[in-house]
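Below: the structure, in structure tokens.
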Amino acid sequence: MRATGEASHLLLANALLPLRYAGAAIRTGAVQATRRHQQRAGRRPFVFWSPFLPIQANSRADTEAGSDTTRAAILAPHLEDSLMTTLLDKRRSATADDKNSDEATLDYVLSRVASFAPMVARLAPDIEQARQMPAELVSALKSARIYSMLVPQRYGGLELDATSGFRAVTALARLDGSVGWNAMVGQVASLMPFLVSPTLCEEIFNDGRDHVIAASSQPVGTAERVPGGWRVTGSWPFASGCQNAEWIAGTCVMMEGGSPIDALDAPGPMIRTCLMPTRSWEIRDTWHAFGLKGTGSHHVALTDVLVPDERFFEFPFGTSFASGPIFGRFPEIVVLAHGALAVGIAEGAIMDLVELARTGAKQMFMTTPLVETERFKEGLARLDAELMAACALFGSQTTRVWQNPEPPTGKDLARVAEQVQAAIWITTACIRVAEGCFELAGSRAVYETSSLQRRVRDLRVAAQHVAVHPRHYVSAGAAVLARLAA
């Protein structure tokens, strides 16, 4: 009886799973046409299921009820859609709270992201072959305010919380891993100027628009103290988005008289990051990679460039001049953002698999369509369960960090050990999901035209980042021992 009961539950889950992922067809014109028909008929558009981070295209009434005058002014210069302009120009009532305003703003951003699906699908080959984001796509991301979601309103940003930024990263990664990665890097880097000074922030954000900032945090450069500042030389790898960036940051060992300067609060040399306009940098074409090909993560270089004192800052543990909880949790945001990316790519892999199966595809020697086979349904259910577990852990960690009333302290890996532990597991779980989807898809997934093989490659490369590399389980394990001994 127990076996029969388990089989019944599995059959029920298998029956429901394709319905959850029916939205995988969002990239097709048929579904877009269906949505337009539903909107004209006065019905709420169908939204595909997502375990934790859904994209939701809100109705006109929803957006009108939650629009905010300040954010409408911020968004207005970037809007390309007359309907959205009208919606955002609606004024909120004096009694509406900021939470409703934030939700309405986030809904707008996510609806714009959803609308990018056909563009991203069309540009996918160009993204891979050119190894960078096309200007058309970068412009669209700017118009949706992706890069300034976390920037304070005073400087023209949307001033949303980190969770909102994560949802946008996940939504974009669901469309394409490279797009999601560059959005993630761009959002984190947009906070770097707030570790420097109000003057620099005014210089960068004075027009109230989105600006792309690229950065490499590896301390492979040197900054030699000289009159008027520091002479900086170095070649930094993995500067994602550098070809689209207006500012670039690189991390240096601070030197004086040819020797490293000792750090003030830790053993080893003083490490600082400098931020300079892109025109000061040389971009070296080195990004020929296995995955995340479209991120344009080339080397960037400075050679004996004079950088003033006021362009240096401590990353990621520096103190910001700006107020707000987001600036006291910079290291945590950097780590957890990788979890948001991995979840999005894995969700996209399951959606791609379901979309393929629903075309009626059959495997060799099989008379039954793939979507109707027990192996497919069981495999899909298991992969979906693993993804839900990853999403649940990600949600738990973001809530834990964001709702903690006490700002974290410390300037080492121990501070973020729990977030690193979670992000590593989430990323590894998402790799298993993507590779499971690749296997279930059969031989159709091996071609370069298959998005499934790209999902696998993108996640494998993303997992090599220092923030989510499995070697940091060692530090996480030490933190677990300390916690259990307390």
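Starting from 1 in every chain, residues are counted up; chains themselves are A, B, ... following the order of the structure tokens, and ligands are numbered from 1 as listed.
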Set the distance at 12 Å and use only C-alpha atoms: which residues neighbour Trp402 (chain A) once local chain neighbours fewer than 6 positions away are removed? I'd like the list as an MDAnalysis selection string. chainID A and resid 161:164 324:330 332:333 336 395:396 408 419
DSSP helix (DSSP H, G or I) selection over region 117-356 of chain A, as a ChimeraX atom specification: /A:117-130,135-143,153-155,162-175,177-189,192-195,198-205,242-244,278-280,293-295,309-311,325-328,330-356
Might you pull out every residue within 8 Å of Val305 (chain A), with only C-alpha atoms counted and same-chain residues fewer than 3 positions away left off, and present them as a list in words?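 The contact residues come out as Trp230, Arg231, Val232, Thr233, Ser280 and Leu302 of chain A.
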So which residues of region 281-358 of chain A fall under strand (DSSP E or B) by DSSP, listed as a list in words? Glu282, Ile283, Arg284, His298, His299, Val300, Ala301, Leu302, Thr303, Asp304, Val305, Leu306, Val307, Phe312 and Phe313 of chain A
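As for CA of Gly234 (chain A) and CA of Ala467 (chain A), they are spaced 22.4 Å apart.
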For Phe315 (chain A), work out the shell of residues within 12 Å, counting only C-alpha atoms and skipping chain neighbours fewer than 5 positions away, then give it as a PyMOL selection string. chain A and resi 188-189+191-196+215-219+249-252+270-275+320+327+329-331+334+411-412
Could you give me, as a ChimeraX atom specification, the residues within 8 Å of Gln187 (chain A), counting only C-alpha atoms and dropping anything in the same chain fewer than 5 positions from it? /A:146-150,165
Give me, as a VMD selection string, all polymer residues having an atom no more than 10 Å from Arg460 (chain A), counting only C-alpha atoms and skipping those fewer than 2 positions away in the same chain. chain A and resid 290 to 292 342 427 to 428 430 to 431 434 to 435 454 to 458 462 to 465
Please report the interatomic distance between CA of Phe166 (chain A) and CA of Arg145 (chain A) in Å with one decimal. 13.7 Å
What is the distance, in Å and to one decimal place, between CA of Ile424 (chain A) and CA of Val468 (chain A)?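 We find that CA of Ile424 (chain A) and CA of Val468 (chain A) lie 4.5 Å from each other.
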Measuring between only C-alpha atoms, which one of A:Glu224, A:Glu372, A:Asp102, A:Glu378 shows the shortest distance to Pro260 (chain A)?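 Using only C-alpha atoms, the shortest distance to Pro260 (chain A) belongs to A:Glu224.
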